[in-house]
>>> print(open('query-v8.pdb').read())   # PDB, C-alpha atoms, pLDDT in the B column
ATOM      1  CA  MET A   1      11.183  17.150   4.130  1.00 52.00           C
ATOM      2  CA  GLN A   2       8.026  18.040   6.051  1.00 57.00           C
ATOM      3  CA  ALA A   3       7.476  16.235   9.377  1.00 64.00           C
ATOM      4  CA  GLN A   4       5.012  13.363   9.165  1.00 62.00           C
ATOM      5  CA  SER A   5       1.794  13.198  11.135  1.00 57.00           C
ATOM      6  CA  TYR A   6      -1.451  11.263  10.964  1.00 58.00           C
ATOM      7  CA  GLN A   7      -2.942  13.905   8.664  1.00 54.00           C
ATOM      8  CA  GLN A   8      -0.201  13.721   6.039  1.00 61.00           C
ATOM      9  CA  HIS A   9       1.708  10.441   6.299  1.00 64.00           C
ATOM     10  CA  ALA A  10       0.415   8.810   3.099  1.00 66.00           C
ATOM     11  CA  ARG A  11       2.944   8.826   0.262  1.00 68.00           C
ATOM     12  CA  TYR A  12       2.171   9.075  -3.421  1.00 74.00           C
ATOM     13  CA  ILE A  13       4.502   8.900  -6.384  1.00 78.00           C
ATOM     14  CA  PRO A  14       2.809  11.242  -8.895  1.00 84.00           C
ATOM     15  CA  LEU A  15       4.187   9.591 -12.040  1.00 89.00           C
ATOM     16  CA  TRP A  16       3.111   6.132 -10.791  1.00 83.00           C
ATOM     17  CA  HIS A  17      -0.126   6.827  -8.956  1.00 83.00           C
ATOM     18  CA  PHE A  18      -1.568   9.511 -11.206  1.00 89.00           C
ATOM     19  CA  VAL A  19       0.123   9.715 -14.612  1.00 94.00           C
ATOM     20  CA  PHE A  20       0.854   6.035 -15.324  1.00 93.00           C
ATOM     21  CA  SER A  21      -2.461   4.797 -13.906  1.00 93.00           C
ATOM     22  CA  ALA A  22      -4.387   7.392 -15.927  1.00 95.00           C
ATOM     23  CA  LEU A  23      -2.432   6.487 -19.062  1.00 96.00           C
ATOM     24  CA  LEU A  24      -3.184   2.776 -18.639  1.00 95.00           C
ATOM     25  CA  THR A  25      -6.852   3.473 -17.953  1.00 95.00           C
ATOM     26  CA  ALA A  26      -7.075   5.669 -21.049  1.00 97.00           C
ATOM     27  CA  CYS A  27      -5.396   2.944 -23.126  1.00 96.00           C
ATOM     28  CA  LEU A  28      -7.939   0.417 -21.886  1.00 96.00           C
ATOM     29  CA  ALA A  29     -10.852   2.743 -22.700  1.00 97.00           C
ATOM     30  CA  VAL A  30      -9.523   3.482 -26.192  1.00 97.00           C
ATOM     31  CA  SER A  31      -8.866  -0.209 -26.862  1.00 97.00           C
ATOM     32  CA  ILE A  32     -12.467  -1.056 -25.898  1.00 97.00           C
ATOM     33  CA  TRP A  33     -13.716   1.710 -28.189  1.00 97.00           C
ATOM     34  CA  ASN A  34     -11.395   0.440 -30.950  1.00 96.00           C
ATOM     35  CA  LEU A  35     -12.731  -3.116 -30.560  1.00 96.00           C
ATOM     36  CA  ALA A  36     -16.324  -1.872 -30.774  1.00 96.00           C
ATOM     37  CA  ARG A  37     -15.516   0.011 -34.008  1.00 96.00           C
ATOM     38  CA  ALA A  38     -13.662  -3.012 -35.426  1.00 96.00           C
ATOM     39  CA  ILE A  39     -16.651  -5.252 -34.756  1.00 95.00           C
ATOM     40  CA  GLU A  40     -18.967  -2.673 -36.304  1.00 95.00           C
ATOM     41  CA  HIS A  41     -16.816  -2.370 -39.463  1.00 94.00           C
ATOM     42  CA  HIS A  42     -16.016  -6.097 -39.675  1.00 91.00           C
ATOM     43  CA  SER A  43     -12.275  -5.485 -39.971  1.00 92.00           C
ATOM     44  CA  GLY A  44      -9.280  -5.132 -37.682  1.00 93.00           C
ATOM     45  CA  ARG A  45     -10.800  -7.277 -34.932  1.00 94.00           C
ATOM     46  CA  LEU A  46      -7.579  -9.193 -34.272  1.00 96.00           C
ATOM     47  CA  VAL A  47      -5.568  -5.999 -33.841  1.00 95.00           C
ATOM     48  CA  ALA A  48      -8.299  -4.529 -31.628  1.00 95.00           C
ATOM     49  CA  LEU A  49      -8.374  -7.668 -29.467  1.00 96.00           C
ATOM     50  CA  THR A  50      -4.590  -7.597 -29.214  1.00 96.00           C
ATOM     51  CA  LEU A  51      -4.657  -3.975 -28.063  1.00 96.00           C
ATOM     52  CA  LEU A  52      -7.375  -4.805 -25.542  1.00 97.00           C
ATOM     53  CA  GLY A  53      -5.322  -7.720 -24.226  1.00 97.00           C
ATOM     54  CA  LEU A  54      -2.190  -5.594 -23.937  1.00 97.00           C
ATOM     55  CA  SER A  55      -4.088  -2.815 -22.165  1.00 96.00           C
ATOM     56  CA  THR A  56      -5.668  -5.267 -19.746  1.00 96.00           C
ATOM     57  CA  GLY A  57      -2.295  -6.903 -19.168  1.00 96.00           C
ATOM     58  CA  GLY A  58      -0.743  -3.503 -18.487  1.00 96.00           C
ATOM     59  CA  LEU A  59      -3.336  -2.764 -15.820  1.00 95.00           C
ATOM     60  CA  ILE A  60      -2.792  -6.175 -14.223  1.00 96.00           C
ATOM     61  CA  ILE A  61       0.966  -5.598 -14.164  1.00 96.00           C
ATOM     62  CA  PHE A  62       0.426  -2.110 -12.734  1.00 94.00           C
ATOM     63  CA  TRP A  63      -1.719  -3.526  -9.910  1.00 93.00           C
ATOM     64  CA  TYR A  64       0.513  -6.468  -9.022  1.00 96.00           C
ATOM     65  CA  ALA A  65       3.805  -4.557  -9.259  1.00 93.00           C
ATOM     66  CA  ARG A  66       2.511  -2.231  -6.552  1.00 90.00           C
ATOM     67  CA  ARG A  67       0.940  -5.045  -4.530  1.00 93.00           C
ATOM     68  CA  PHE A  68       4.062  -7.218  -4.521  1.00 95.00           C
ATOM     69  CA  ALA A  69       6.208  -4.269  -3.386  1.00 90.00           C
ATOM     70  CA  LEU A  70       3.800  -3.473  -0.547  1.00 89.00           C
ATOM     71  CA  VAL A  71       3.687  -7.083   0.646  1.00 93.00           C
ATOM     72  CA  ALA A  72       7.490  -7.197   0.739  1.00 93.00           C
ATOM     73  CA  GLN A  73       7.553  -3.923   2.684  1.00 91.00           C
ATOM     74  CA  ASP A  74       4.906  -5.246   5.087  1.00 92.00           C
ATOM     75  CA  ARG A  75       7.028  -8.314   5.827  1.00 94.00           C
ATOM     76  CA  ALA A  76      10.100  -6.151   6.454  1.00 93.00           C
ATOM     77  CA  ILE A  77       8.140  -3.810   8.729  1.00 92.00           C
ATOM     78  CA  ARG A  78       6.747  -6.754  10.706  1.00 95.00           C
ATOM     79  CA  ALA A  79      10.272  -8.112  11.254  1.00 96.00           C
ATOM     80  CA  GLU A  80      11.721  -4.698  12.146  1.00 94.00           C
ATOM     81  CA  GLU A  81       8.957  -3.814  14.578  1.00 95.00           C
ATOM     82  CA  ASN A  82       9.038  -7.268  16.161  1.00 95.00           C
ATOM     83  CA  LEU A  83      12.783  -6.809  16.715  1.00 96.00           C
ATOM     84  CA  ARG A  84      12.183  -3.324  18.156  1.00 95.00           C
ATOM     85  CA  HIS A  85       9.547  -4.732  20.514  1.00 96.00           C
ATOM     86  CA  PHE A  86      11.929  -7.510  21.553  1.00 97.00           C
ATOM     87  CA  ALA A  87      14.736  -5.009  22.171  1.00 96.00           C
ATOM     88  CA  LEU A  88      12.458  -2.870  24.361  1.00 95.00           C
ATOM     89  CA  THR A  89      10.674  -5.666  26.279  1.00 95.00           C
ATOM     90  CA  GLY A  90      12.591  -8.900  25.838  1.00 95.00           C
ATOM     91  CA  LYS A  91       9.468 -10.473  24.282  1.00 95.00           C
ATOM     92  CA  LEU A  92       8.084 -10.790  20.787  1.00 94.00           C
ATOM     93  CA  PHE A  93       4.836  -9.111  19.733  1.00 92.00           C
ATOM     94  CA  ASP A  94       1.529 -10.483  20.947  1.00 92.00           C
ATOM     95  CA  SER A  95       0.515 -13.065  18.350  1.00 92.00           C
ATOM     96  CA  THR A  96      -2.956 -11.522  18.052  1.00 94.00           C
ATOM     97  CA  LEU A  97      -1.600  -8.339  16.445  1.00 96.00           C
ATOM     98  CA  THR A  98      -2.397  -8.154  12.745  1.00 95.00           C
ATOM     99  CA  ILE A  99      -0.017  -6.922  10.085  1.00 95.00           C
ATOM    100  CA  SER A 100      -2.034  -3.701   9.662  1.00 94.00           C
ATOM    101  CA  GLN A 101      -1.777  -3.020  13.406  1.00 96.00           C
ATOM    102  CA  ILE A 102       1.983  -3.621  13.348  1.00 96.00           C
ATOM    103  CA  ILE A 103       2.372  -1.345  10.337  1.00 92.00           C
ATOM    104  CA  ALA A 104       0.487   1.391  12.203  1.00 93.00           C
ATOM    105  CA  LEU A 105       2.612   0.883  15.319  1.00 95.00           C
ATOM    106  CA  ARG A 106       5.805   1.665  13.383  1.00 92.00           C
ATOM    107  CA  PHE A 107       4.942   5.358  13.688  1.00 91.00           C
ATOM    108  CA  ALA A 108       5.003   5.297  17.515  1.00 93.00           C
ATOM    109  CA  ALA A 109       8.116   6.535  19.300  1.00 93.00           C
ATOM    110  CA  ASP A 110       9.843   4.071  21.627  1.00 93.00           C
ATOM    111  CA  THR A 111       8.390   5.848  24.668  1.00 93.00           C
ATOM    112  CA  GLU A 112       4.840   4.877  23.750  1.00 94.00           C
ATOM    113  CA  PHE A 113       5.427   1.906  21.432  1.00 95.00           C
ATOM    114  CA  VAL A 114       5.229  -0.882  24.021  1.00 95.00           C
ATOM    115  CA  LEU A 115       2.133   0.417  25.821  1.00 95.00           C
ATOM    116  CA  LEU A 116       0.374   1.153  22.554  1.00 96.00           C
ATOM    117  CA  SER A 117       1.168  -2.305  21.163  1.00 95.00           C
ATOM    118  CA  GLU A 118      -0.263  -3.916  24.305  1.00 95.00           C
ATOM    119  CA  ARG A 119      -3.346  -1.716  24.073  1.00 95.00           C
ATOM    120  CA  ALA A 120      -3.757  -2.492  20.353  1.00 96.00           C
ATOM    121  CA  ALA A 121      -3.667  -6.228  21.057  1.00 95.00           C
ATOM    122  CA  LYS A 122      -5.984  -6.029  24.065  1.00 95.00           C
ATOM    123  CA  GLU A 123      -8.575  -3.717  22.487  1.00 95.00           C
ATOM    124  CA  ASN A 124      -8.165  -5.028  18.909  1.00 94.00           C
ATOM    125  CA  MET A 125      -7.644  -1.459  17.701  1.00 95.00           C
ATOM    126  CA  LYS A 126      -7.922  -0.605  14.019  1.00 96.00           C
ATOM    127  CA  SER A 127      -4.797   0.769  12.344  1.00 93.00           C
ATOM    128  CA  ARG A 128      -6.259   4.257  11.946  1.00 92.00           C
ATOM    129  CA  ASP A 129      -7.116   4.323  15.665  1.00 95.00           C
ATOM    130  CA  ILE A 130      -3.564   3.284  16.527  1.00 95.00           C
ATOM    131  CA  LYS A 131      -2.182   6.085  14.365  1.00 91.00           C
ATOM    132  CA  LYS A 132      -4.549   8.617  15.956  1.00 91.00           C
ATOM    133  CA  ALA A 133      -3.468   7.491  19.444  1.00 94.00           C
ATOM    134  CA  ILE A 134       0.198   8.207  18.746  1.00 92.00           C
ATOM    135  CA  ILE A 135       1.430  11.326  20.508  1.00 90.00           C
ATOM    136  CA  ASN A 136       5.117  11.297  19.479  1.00 87.00           C
ATOM    137  CA  TRP A 137       5.068  10.532  15.762  1.00 86.00           C
ATOM    138  CA  ARG A 138       8.071   8.593  14.410  1.00 85.00           C
ATOM    139  CA  ALA A 139       8.340   9.301  10.680  1.00 77.00           C
ATOM    140  CA  ASP A 140       8.758   6.520   8.124  1.00 73.00           C
ATOM    141  CA  ASN A 141      10.251   8.203   5.065  1.00 69.00           C
ATOM    142  CA  HIS A 142      11.319   5.007   3.322  1.00 68.00           C
ATOM    143  CA  ARG A 143       7.997   3.361   2.466  1.00 65.00           C
ATOM    144  CA  VAL A 144       6.518   4.195  -0.907  1.00 62.00           C
TER
END
>>> encode(input="query-v8.pdb", output="structure tokens")
Amino acid sequence: MQAQSYQQHARYIPLWHFVFSALLTACLAVSIWNLARAIEHHSGRLVALTLLGLSTGGLIIFWYARRFALVAQDRAIRAEENLRHFALTGKLFDSTLTISQIIALRFAADTEFVLLSERAAKENMKSRDIKKAIINWRADNHRV
């Protein structure tokens, strides 16, 4: 596996992010077109509405399935990084750190983690700025 860095740390699952999302979007577009034709021809409106509802429901499920997984991962990362900070300093994270800052800090090696977390809290750094400030990148190959 290629080493992670700021430039290429984002992870995509091609079948989920590109194929399945495109398929659901195409289904929604075709179901809208089908409903328009059913209204125009005064027949098949119930079937067309059902297809539109199923397509819309599929997109909602697609969105929330990904969102729920990310929220669960965010909570786990917050707990893991808080424990790492405690192990290194004997204190919990600064309470002003946001979840996005903590998620960005997970990429910092132990040698720079504590100083960078203090700097992030003091300067209210954005997550992308935290990631850019990391010198020794610590890969996270488990998040999807």
>>> atom_distance(input="query-v8.pdb", atom1="CA of Tyr12 in chain A", atom2="CA of Leu70 in chain A")
13.0 Å
>>> atom_distance(input="query-v8.pdb", atom1="CA of Gly53 in chain A", atom2="CA of Leu23 in chain A")
15.4 Å
>>> residues_around(input="query-v8.pdb", residues="Leu54 in chain A", least_positions_apart="5", cutoff="12 Å", atoms="only C-alpha atoms", output="list in words")
Leu24, Thr25, Cys27, Leu28, Val30, Ser31, Ile32, Val47, Ala48, Leu49, Leu59, Ile60 and Ile61 of chain A
>>> resolve_selection(input="query-v8.pdb", expression="the PyMOL selection byres ((chain A and resi 105) around 9)", output="NGL selection string")
:A and (81 or 100-104 or 106-109 or 113 or 116-117 or 120 or 127 or 130-131 or 134)
>>> atom_distance(input="query-v8.pdb", atom1="CA of Asp129 in chain A", atom2="CA of Trp16 in chain A")
28.4 Å
>>> resolve_selection(input="query-v8.pdb", expression="the PyMOL selection byres ((chain A and resi 96) around 9)", output="PDB file with C-alpha atoms, in the coordinates of the input")
ATOM      1  CA  PHE A  93       4.836  -9.111  19.733  1.00 92.00           C
ATOM      2  CA  ASP A  94       1.529 -10.483  20.947  1.00 92.00           C
ATOM      3  CA  SER A  95       0.515 -13.065  18.350  1.00 92.00           C
ATOM      4  CA  LEU A  97      -1.600  -8.339  16.445  1.00 96.00           C
ATOM      5  CA  THR A  98      -2.397  -8.154  12.745  1.00 95.00           C
ATOM      6  CA  ALA A 121      -3.667  -6.228  21.057  1.00 95.00           C
ATOM      7  CA  LYS A 122      -5.984  -6.029  24.065  1.00 95.00           C
ATOM      8  CA  ASN A 124      -8.165  -5.028  18.909  1.00 94.00           C
TER       9      ASN A 124
END
